Amino acid sequence: MGDNLPVSAPVASEVQAMFGEIAPRYDLLNRLLSFGIDQRWRAVAMREMDSQPEQQILDLCCGTGDLSLGFADRGCTVTGADFTGQMLPLAKAKAKRAQLNLRLVQADAEVLPFGDNSFDTVTISFGIRNVHQPKHALRECFRVLRPGGKLGVLEFFPMKPSIWRTLFRFYFHHVLPAWARIFRVGRGGAYRYLPKSVEGFVSAEGFMNWLHEAGFEQTRSIPLTGGVAHFQFGVKKNPHG
Ligand SMILES: C[S@@+](CC[C@H](N)C(=O)[O-])C[C@H]1O[C@@H](n2cnc3c(N)ncnc32)[C@H](O)[C@@H]1O
């Protein structure tokens with residue numbers, strides 16, 4: 001087992017199969033299960049990244065493309081990449097409906113098919129926790145970013161003991177899988193995987209260390225909704241700046 005593998009990390013093909021299965025109902029379930037808060041978290045990510053029109057954005061683990069479309073709406077040139085083939089047509093259809101342009105690429109975050117220094121910004125929302133070897137993906141993000149480019153990561157990390165954690169553990173372990181069964185999403189398996197994958201993942205502080213190890217500086221971590229999710233940020237060192 002690699003040094004950077006969370007103990008519970010499922011193999012990539014299992015993750016792919018699981019997201020392939022839930023893809024058609026992914027957006028509906030996301031909105032219902034998070035009461036729409038997931039969109040507010042993405043809005044925070046957009047604001048913090050402060051991307052400008054014409055900039056080259058890579059939205060990694062893009063899923064159905066919510067964050068990709070937010071950047072495209074700002075006039076950025078957006079590439080959405082995900083390794084689950086079933087997600088990409090859904091992102092494409094949403095882009096078409098919104099009359100926005102997205103370049104969509106099926107790609108594994110651990111081996112990106114892009115040249116060095118190709119993007120001004122890389123974002124990953126609720127994706128890095130599912131990547132088999134997340135540190136490899138962070139190194140790839142660093143490689144494809146131009147010097148001075150920004151990485152923004154939205155993610156759930158294990159919560160510190162608090163009343164919020166008690167409430168969310170109950171919600172994650174009991175309410176969420178029940179909802180998923182009612183909506184017949186992935187036979188409930190995907191939403192049983194969610195709490196396990198969060199609890200088995202590195203802490204928010206540990207993830208900041210991973211960002212440093214991958215070469216990022218000016219790192220920041222912003223807790224969202226009482227620490228249920230975090231937005232983490234880093235900049236690729238600019239040797240000339
Ligand atoms: C929870 S979804 C998040 C989708 C989207 N970013 C959002 O905010 O709704 C996680 C996505 O990560 C993708 N993913 C997981 N591991 C990946 C990998 N190694 N390479 C590329 N995509 C991956 C899955 O296919 C899935 O679409």
# chains A, B, ... in the order shown; residues from 1 in each chain; ligands from 1
$ closest_atom_pairs --of "chain A" --to "ligand 1" --cutoff "8 Å" --atoms "only C-alpha atoms and all ligand atoms" --output "CSV"
residue,atom,partner,partner_atom_place_in_ligand_line,distance
A:Ala12,CA,ligand 1,19 (N),6.4
A:Val15,CA,ligand 1,15 (C),6.3
A:Gln16,CA,ligand 1,25 (O),5.5
A:Phe19,CA,ligand 1,25 (O),5.3
A:Gly20,CA,ligand 1,25 (O),7.2
A:Ala23,CA,ligand 1,27 (O),7.6
A:Tyr26,CA,ligand 1,9 (O),7.8
A:Asp27,CA,ligand 1,9 (O),7.4
A:Asn30,CA,ligand 1,9 (O),7.6
A:Asp38,CA,ligand 1,8 (O),7.9
A:Arg42,CA,ligand 1,8 (O),7.5
A:Asp59,CA,ligand 1,6 (N),7.5
A:Leu60,CA,ligand 1,21 (C),6.6
A:Cys61,CA,ligand 1,22 (N),3.9
A:Cys62,CA,ligand 1,6 (N),4.0
A:Gly63,CA,ligand 1,27 (O),3.5
A:Thr64,CA,ligand 1,5 (C),6.1
A:Gly65,CA,ligand 1,5 (C),6.1
A:Asp66,CA,ligand 1,9 (O),6.1
A:Leu67,CA,ligand 1,8 (O),6.4
A:Ala81,CA,ligand 1,21 (C),6.5
A:Asp82,CA,ligand 1,22 (N),3.8
A:Phe83,CA,ligand 1,21 (C),4.1
A:Thr84,CA,ligand 1,25 (O),4.2
A:Gly85,CA,ligand 1,25 (O),7.8
A:Met87,CA,ligand 1,27 (O),6.0
A:Gln106,CA,ligand 1,21 (C),7.6
A:Ala107,CA,ligand 1,21 (C),5.7
A:Asp108,CA,ligand 1,20 (N),3.5
A:Ala109,CA,ligand 1,20 (N),3.8
A:Glu110,CA,ligand 1,19 (N),5.8
A:Ile124,CA,ligand 1,6 (N),6.1
A:Ser125,CA,ligand 1,6 (N),4.3
A:Phe126,CA,ligand 1,3 (C),4.7
A:Gly127,CA,ligand 1,12 (O),4.0
A:Ile128,CA,ligand 1,16 (N),6.8
A:Arg129,CA,ligand 1,15 (C),7.7
A:Asn130,CA,ligand 1,15 (C),4.7
A:Val131,CA,ligand 1,16 (N),4.0
A:His132,CA,ligand 1,19 (N),6.1
A:Gln133,CA,ligand 1,19 (N),7.8
A:Ala137,CA,ligand 1,19 (N),7.6
A:Leu154,CA,ligand 1,8 (O),8.0
$ write_last_selection --atoms "N, CA and C atoms" --output "compact mmCIF listing (two decimals), in the first residue's frame"
# COMPACT_ATOMS: atom_id res chain seq x y z
N ALA A 12 -9.77 2.38 -7.80
CA ALA A 12 -10.34 3.37 -8.71
C ALA A 12 -11.53 2.81 -9.49
N VAL A 15 -14.70 3.08 -7.54
CA VAL A 15 -15.16 4.46 -7.45
C VAL A 15 -15.84 4.86 -8.76
N GLN A 16 -15.20 4.48 -9.86
CA GLN A 16 -15.75 4.79 -11.18
C GLN A 16 -17.14 4.15 -11.35
N PHE A 19 -19.76 5.99 -9.14
CA PHE A 19 -20.22 7.29 -9.68
C PHE A 19 -20.96 7.11 -11.00
N GLY A 20 -20.59 6.08 -11.76
CA GLY A 20 -21.32 5.81 -13.00
C GLY A 20 -22.77 5.46 -12.70
N ALA A 23 -24.68 8.67 -11.40
CA ALA A 23 -24.58 9.88 -12.25
C ALA A 23 -25.94 10.48 -12.64
N TYR A 26 -27.35 12.31 -9.70
CA TYR A 26 -26.37 12.96 -8.83
C TYR A 26 -26.80 14.39 -8.45
N ASP A 27 -27.22 15.19 -9.43
CA ASP A 27 -27.57 16.59 -9.14
C ASP A 27 -28.79 16.68 -8.23
N ASN A 30 -27.86 15.66 -4.76
CA ASN A 30 -26.99 16.66 -4.13
C ASN A 30 -27.81 17.80 -3.56
N ASP A 38 -24.72 22.88 -0.93
CA ASP A 38 -23.55 22.58 -1.78
C ASP A 38 -23.31 23.69 -2.79
N ARG A 42 -19.97 26.06 -3.38
CA ARG A 42 -19.30 26.28 -4.67
C ARG A 42 -19.18 27.79 -4.94
N ASP A 59 -11.24 22.19 -14.13
CA ASP A 59 -12.09 21.71 -13.03
C ASP A 59 -11.97 20.19 -13.01
N LEU A 60 -11.17 19.72 -12.05
CA LEU A 60 -10.83 18.30 -11.98
C LEU A 60 -11.89 17.56 -11.17
N CYS A 61 -12.17 16.31 -11.54
CA CYS A 61 -13.27 15.54 -10.91
C CYS A 61 -14.55 16.34 -11.06
N CYS A 62 -14.81 16.80 -12.27
CA CYS A 62 -15.86 17.81 -12.51
C CYS A 62 -17.26 17.25 -12.34
N GLY A 63 -17.44 15.92 -12.41
CA GLY A 63 -18.77 15.35 -12.28
C GLY A 63 -19.70 15.93 -13.33
N THR A 64 -20.87 16.40 -12.88
CA THR A 64 -21.85 16.94 -13.82
C THR A 64 -21.59 18.42 -14.13
N GLY A 65 -20.48 18.95 -13.66
CA GLY A 65 -19.99 20.23 -14.15
C GLY A 65 -20.50 21.49 -13.47
N ASP A 66 -21.04 21.40 -12.25
CA ASP A 66 -21.58 22.62 -11.62
C ASP A 66 -20.53 23.72 -11.49
N LEU A 67 -19.35 23.35 -10.99
CA LEU A 67 -18.33 24.38 -10.79
C LEU A 67 -17.76 24.83 -12.14
N ALA A 81 -12.62 17.79 -16.27
CA ALA A 81 -12.07 16.44 -16.44
C ALA A 81 -12.60 15.52 -15.35
N ASP A 82 -12.97 14.33 -15.75
CA ASP A 82 -13.47 13.33 -14.79
C ASP A 82 -13.20 11.96 -15.39
N PHE A 83 -12.96 10.96 -14.52
CA PHE A 83 -12.68 9.64 -15.10
C PHE A 83 -13.93 8.77 -15.25
N THR A 84 -15.08 9.27 -14.77
CA THR A 84 -16.32 8.51 -14.94
C THR A 84 -17.03 8.96 -16.21
N GLY A 85 -17.04 8.09 -17.20
CA GLY A 85 -17.58 8.45 -18.51
C GLY A 85 -19.03 8.91 -18.46
N MET A 87 -20.54 10.73 -16.34
CA MET A 87 -20.74 12.10 -15.83
C MET A 87 -20.62 13.13 -16.96
N GLN A 106 -12.26 12.93 -20.54
CA GLN A 106 -12.25 11.81 -19.60
C GLN A 106 -10.80 11.55 -19.20
N ALA A 107 -10.51 11.76 -17.94
CA ALA A 107 -9.11 11.64 -17.51
C ALA A 107 -9.03 11.30 -16.04
N ASP A 108 -7.97 10.58 -15.69
CA ASP A 108 -7.70 10.23 -14.29
C ASP A 108 -6.87 11.35 -13.66
N ALA A 109 -7.31 11.81 -12.50
CA ALA A 109 -6.63 12.91 -11.81
C ALA A 109 -5.17 12.59 -11.49
N GLU A 110 -4.86 11.29 -11.44
CA GLU A 110 -3.48 10.91 -11.07
C GLU A 110 -2.53 10.96 -12.25
N ILE A 124 -10.96 21.49 -7.54
CA ILE A 124 -11.47 20.13 -7.31
C ILE A 124 -12.56 20.25 -6.24
N SER A 125 -13.81 20.01 -6.62
CA SER A 125 -14.84 20.09 -5.58
C SER A 125 -15.39 18.70 -5.28
N PHE A 126 -15.22 18.29 -4.04
CA PHE A 126 -15.71 17.01 -3.52
C PHE A 126 -15.23 15.84 -4.37
N GLY A 127 -14.00 15.98 -4.87
CA GLY A 127 -13.43 14.93 -5.72
C GLY A 127 -12.19 14.30 -5.12
N ILE A 128 -11.31 15.08 -4.51
CA ILE A 128 -9.98 14.58 -4.14
C ILE A 128 -10.07 13.41 -3.14
N ARG A 129 -11.08 13.43 -2.28
CA ARG A 129 -11.26 12.36 -1.29
C ARG A 129 -11.51 11.00 -1.97
N ASN A 130 -12.03 11.05 -3.18
CA ASN A 130 -12.35 9.80 -3.88
C ASN A 130 -11.19 9.29 -4.73
N VAL A 131 -10.17 10.10 -4.88
CA VAL A 131 -9.04 9.71 -5.73
C VAL A 131 -8.20 8.68 -4.97
N HIS A 132 -7.80 7.63 -5.67
CA HIS A 132 -7.11 6.52 -5.02
C HIS A 132 -5.83 7.00 -4.32
N GLN A 133 -5.02 7.77 -5.02
CA GLN A 133 -3.78 8.28 -4.42
C GLN A 133 -3.79 9.80 -4.53
N ALA A 137 -2.43 13.06 -7.30
CA ALA A 137 -3.28 14.03 -8.00
C ALA A 137 -2.82 15.46 -7.68
N LEU A 154 -12.54 22.09 -2.61
CA LEU A 154 -13.67 22.00 -1.68
C LEU A 154 -13.76 20.55 -1.25
$ select_by_dssp --residues "range 84-135 of chain A" --states "helix (DSSP H, G or I)" --output "PyMOL selection string"
chain A and resi 87-97+128-130+134-135
$ write_last_selection --atoms "C-alpha atoms" --output "short mmCIF file (atom, residue, chain, number, x, y, z; two decimals), in the first residue's frame"
data_model
loop_
_atom_site.label_atom_id
_atom_site.label_comp_id
_atom_site.auth_asym_id
_atom_site.auth_seq_id
_atom_site.Cartn_x
_atom_site.Cartn_y
_atom_site.Cartn_z
CA MET A 87 -20.74 12.10 -15.83
CA LEU A 88 -19.41 13.91 -18.89
CA PRO A 89 -22.51 13.78 -21.16
CA LEU A 90 -24.54 15.17 -18.24
CA ALA A 91 -22.10 18.08 -17.91
CA LYS A 92 -22.23 18.58 -21.67
CA ALA A 93 -26.04 18.70 -21.70
CA LYS A 94 -26.07 21.25 -18.85
CA ALA A 95 -23.54 23.42 -20.73
CA LYS A 96 -25.69 23.25 -23.84
CA ARG A 97 -28.81 24.28 -21.91
CA ILE A 128 -9.98 14.58 -4.14
CA ARG A 129 -11.26 12.36 -1.29
CA ASN A 130 -12.35 9.80 -3.88
CA PRO A 134 -4.66 11.90 -3.66
CA LYS A 135 -1.05 13.02 -3.26
#
$ select_by_dssp --residues "range 21-126 of chain A" --states "strand (DSSP E or B)" --output "ChimeraX atom specification"
/A:56-60,77-82,103-106,119-125
$ write_last_selection --atoms "N, CA, C and O atoms" --output "tab-separated table (two decimals), in the first residue's frame"
chain	number	residue	atom	x	y	z
A	56	GLN	N	-7.52	30.28	-18.11
A	56	GLN	CA	-7.65	28.84	-18.38
A	56	GLN	C	-7.89	28.12	-17.06
A	56	GLN	O	-7.03	28.15	-16.17
A	57	ILE	N	-9.06	27.47	-16.96
A	57	ILE	CA	-9.41	26.78	-15.71
A	57	ILE	C	-9.50	25.29	-15.98
A	57	ILE	O	-10.10	24.86	-16.97
A	58	LEU	N	-8.94	24.50	-15.06
A	58	LEU	CA	-9.17	23.05	-15.09
A	58	LEU	C	-10.03	22.70	-13.88
A	58	LEU	O	-9.63	22.93	-12.73
A	59	ASP	N	-11.24	22.19	-14.13
A	59	ASP	CA	-12.09	21.71	-13.03
A	59	ASP	C	-11.97	20.19	-13.01
A	59	ASP	O	-12.56	19.49	-13.84
A	60	LEU	N	-11.17	19.72	-12.05
A	60	LEU	CA	-10.83	18.30	-11.98
A	60	LEU	C	-11.89	17.56	-11.17
A	60	LEU	O	-12.43	18.11	-10.22
A	77	THR	N	-12.10	30.14	-19.82
A	77	THR	CA	-12.03	28.99	-20.73
A	77	THR	C	-11.86	27.76	-19.87
A	77	THR	O	-10.83	27.61	-19.20
A	78	VAL	N	-12.88	26.89	-19.86
A	78	VAL	CA	-12.92	25.82	-18.85
A	78	VAL	C	-12.78	24.44	-19.46
A	78	VAL	O	-13.48	24.09	-20.42
A	79	THR	N	-11.88	23.67	-18.86
A	79	THR	CA	-11.77	22.24	-19.16
A	79	THR	C	-12.30	21.50	-17.95
A	79	THR	O	-11.82	21.72	-16.83
A	80	GLY	N	-13.28	20.64	-18.15
A	80	GLY	CA	-13.77	19.78	-17.07
A	80	GLY	C	-13.21	18.39	-17.31
A	80	GLY	O	-13.32	17.87	-18.43
A	81	ALA	N	-12.62	17.79	-16.27
A	81	ALA	CA	-12.07	16.44	-16.44
A	81	ALA	C	-12.60	15.52	-15.35
A	81	ALA	O	-12.68	15.91	-14.18
A	82	ASP	N	-12.97	14.33	-15.75
A	82	ASP	CA	-13.47	13.33	-14.79
A	82	ASP	C	-13.20	11.96	-15.39
A	82	ASP	O	-13.20	11.81	-16.60
A	103	ARG	N	-14.89	22.41	-22.39
A	103	ARG	CA	-14.13	21.30	-23.00
A	103	ARG	C	-14.14	20.18	-21.96
A	103	ARG	O	-13.73	20.40	-20.81
A	104	LEU	N	-14.66	19.02	-22.34
A	104	LEU	CA	-14.79	17.92	-21.38
A	104	LEU	C	-13.88	16.77	-21.78
A	104	LEU	O	-13.87	16.36	-22.94
A	105	VAL	N	-13.11	16.31	-20.80
A	105	VAL	CA	-12.09	15.29	-21.08
A	105	VAL	C	-12.23	14.17	-20.06
A	105	VAL	O	-12.31	14.43	-18.86
A	106	GLN	N	-12.26	12.93	-20.54
A	106	GLN	CA	-12.25	11.81	-19.60
A	106	GLN	C	-10.80	11.55	-19.20
A	106	GLN	O	-9.97	11.22	-20.06
A	119	PHE	N	-2.50	25.71	-17.04
A	119	PHE	CA	-3.73	26.33	-16.50
A	119	PHE	C	-3.40	27.45	-15.49
A	119	PHE	O	-2.40	27.38	-14.78
A	120	ASP	N	-4.30	28.45	-15.46
A	120	ASP	CA	-4.17	29.52	-14.45
A	120	ASP	C	-4.72	29.06	-13.11
A	120	ASP	O	-4.29	29.54	-12.06
A	121	THR	N	-5.73	28.18	-13.17
A	121	THR	CA	-6.43	27.74	-11.96
A	121	THR	C	-6.81	26.28	-12.11
A	121	THR	O	-7.23	25.87	-13.19
A	122	VAL	N	-6.67	25.53	-11.02
A	122	VAL	CA	-7.24	24.18	-10.97
A	122	VAL	C	-8.17	24.12	-9.76
A	122	VAL	O	-7.82	24.59	-8.67
A	123	THR	N	-9.37	23.57	-9.98
A	123	THR	CA	-10.30	23.38	-8.87
A	123	THR	C	-10.67	21.91	-8.76
A	123	THR	O	-10.71	21.20	-9.77
A	124	ILE	N	-10.96	21.49	-7.54
A	124	ILE	CA	-11.47	20.13	-7.31
A	124	ILE	C	-12.56	20.25	-6.24
A	124	ILE	O	-12.25	20.60	-5.10
A	125	SER	N	-13.81	20.01	-6.62
A	125	SER	CA	-14.84	20.09	-5.58
A	125	SER	C	-15.39	18.70	-5.28
A	125	SER	O	-15.91	18.03	-6.16
$ residues_around --residues "Gly148 in chain A" --least-positions-apart "3" --cutoff "12 Å" --atoms "only C-alpha atoms" --output "PyMOL selection string"
chain A and resi 117-122+142-145+151+215-218+234-241
$ residues_around --residues "Ala45 in chain A" --least-positions-apart "3" --cutoff "7 Å" --atoms "only C-alpha atoms" --output "list in words"
Trp41, Arg42, Glu48, Met49, Gly152 and Phe231 of chain A
$ write_last_selection --atoms "C-alpha atoms" --output "JSON list (two decimals), in the first residue's frame"
[["chain", "number", "residue", "atom", "x", "y", "z"],
["A", 41, "TRP", "CA", -20.09, 26.23, -0.95],
["A", 42, "ARG", "CA", -19.30, 26.28, -4.67],
["A", 48, "GLU", "CA", -12.14, 32.92, -3.33],
["A", 49, "MET", "CA", -10.56, 31.84, -6.63],
["A", 152, "GLY", "CA", -8.80, 25.50, -4.88],
["A", 231, "PHE", "CA", -12.35, 25.31, 1.09]]
$ residues_around --residues "Val175 in chain A" --least-positions-apart "2" --cutoff "12 Å" --atoms "only C-alpha atoms" --output "list in words"
Leu32, Leu33, Ser34, Leu167, Phe168, Arg169, Phe170, Tyr171, Phe172, His173, Pro177, Ala178, Trp179, Ala180, Arg181, Ile182, Gly188, Tyr191, Arg192 and Pro195 of chain A
$ residues_around --residues "Arg220 in chain A" --least-positions-apart "5" --cutoff "8 Å" --atoms "only C-alpha atoms" --output "VMD selection string"
chain A and resid 208 232 to 234
$ write_last_selection --atoms "C-alpha atoms" --output "mmCIF file, in the first residue's frame"
data_model
loop_
_atom_site.group_PDB
_atom_site.id
_atom_site.type_symbol
_atom_site.label_atom_id
_atom_site.label_comp_id
_atom_site.auth_asym_id
_atom_site.auth_seq_id
_atom_site.Cartn_x
_atom_site.Cartn_y
_atom_site.Cartn_z
ATOM 1 C CA MET A 208 -2.820 21.550 4.192
ATOM 2 C CA GLN A 232 -8.564 24.960 0.812
ATOM 3 C CA PHE A 233 -6.351 27.088 -1.336
ATOM 4 C CA GLY A 234 -2.721 27.178 -2.478
#
$ atom_distance --atom1 "CA of Ala204 in chain A" --atom2 "CA of Glu155 in chain A"
8.8 Å
$ closest_residue --among "A:Ile163, A:Leu224, A:Leu69, A:Met46" --to "Lys150 in chain A" --atoms "only C-alpha atoms"
A:Met46
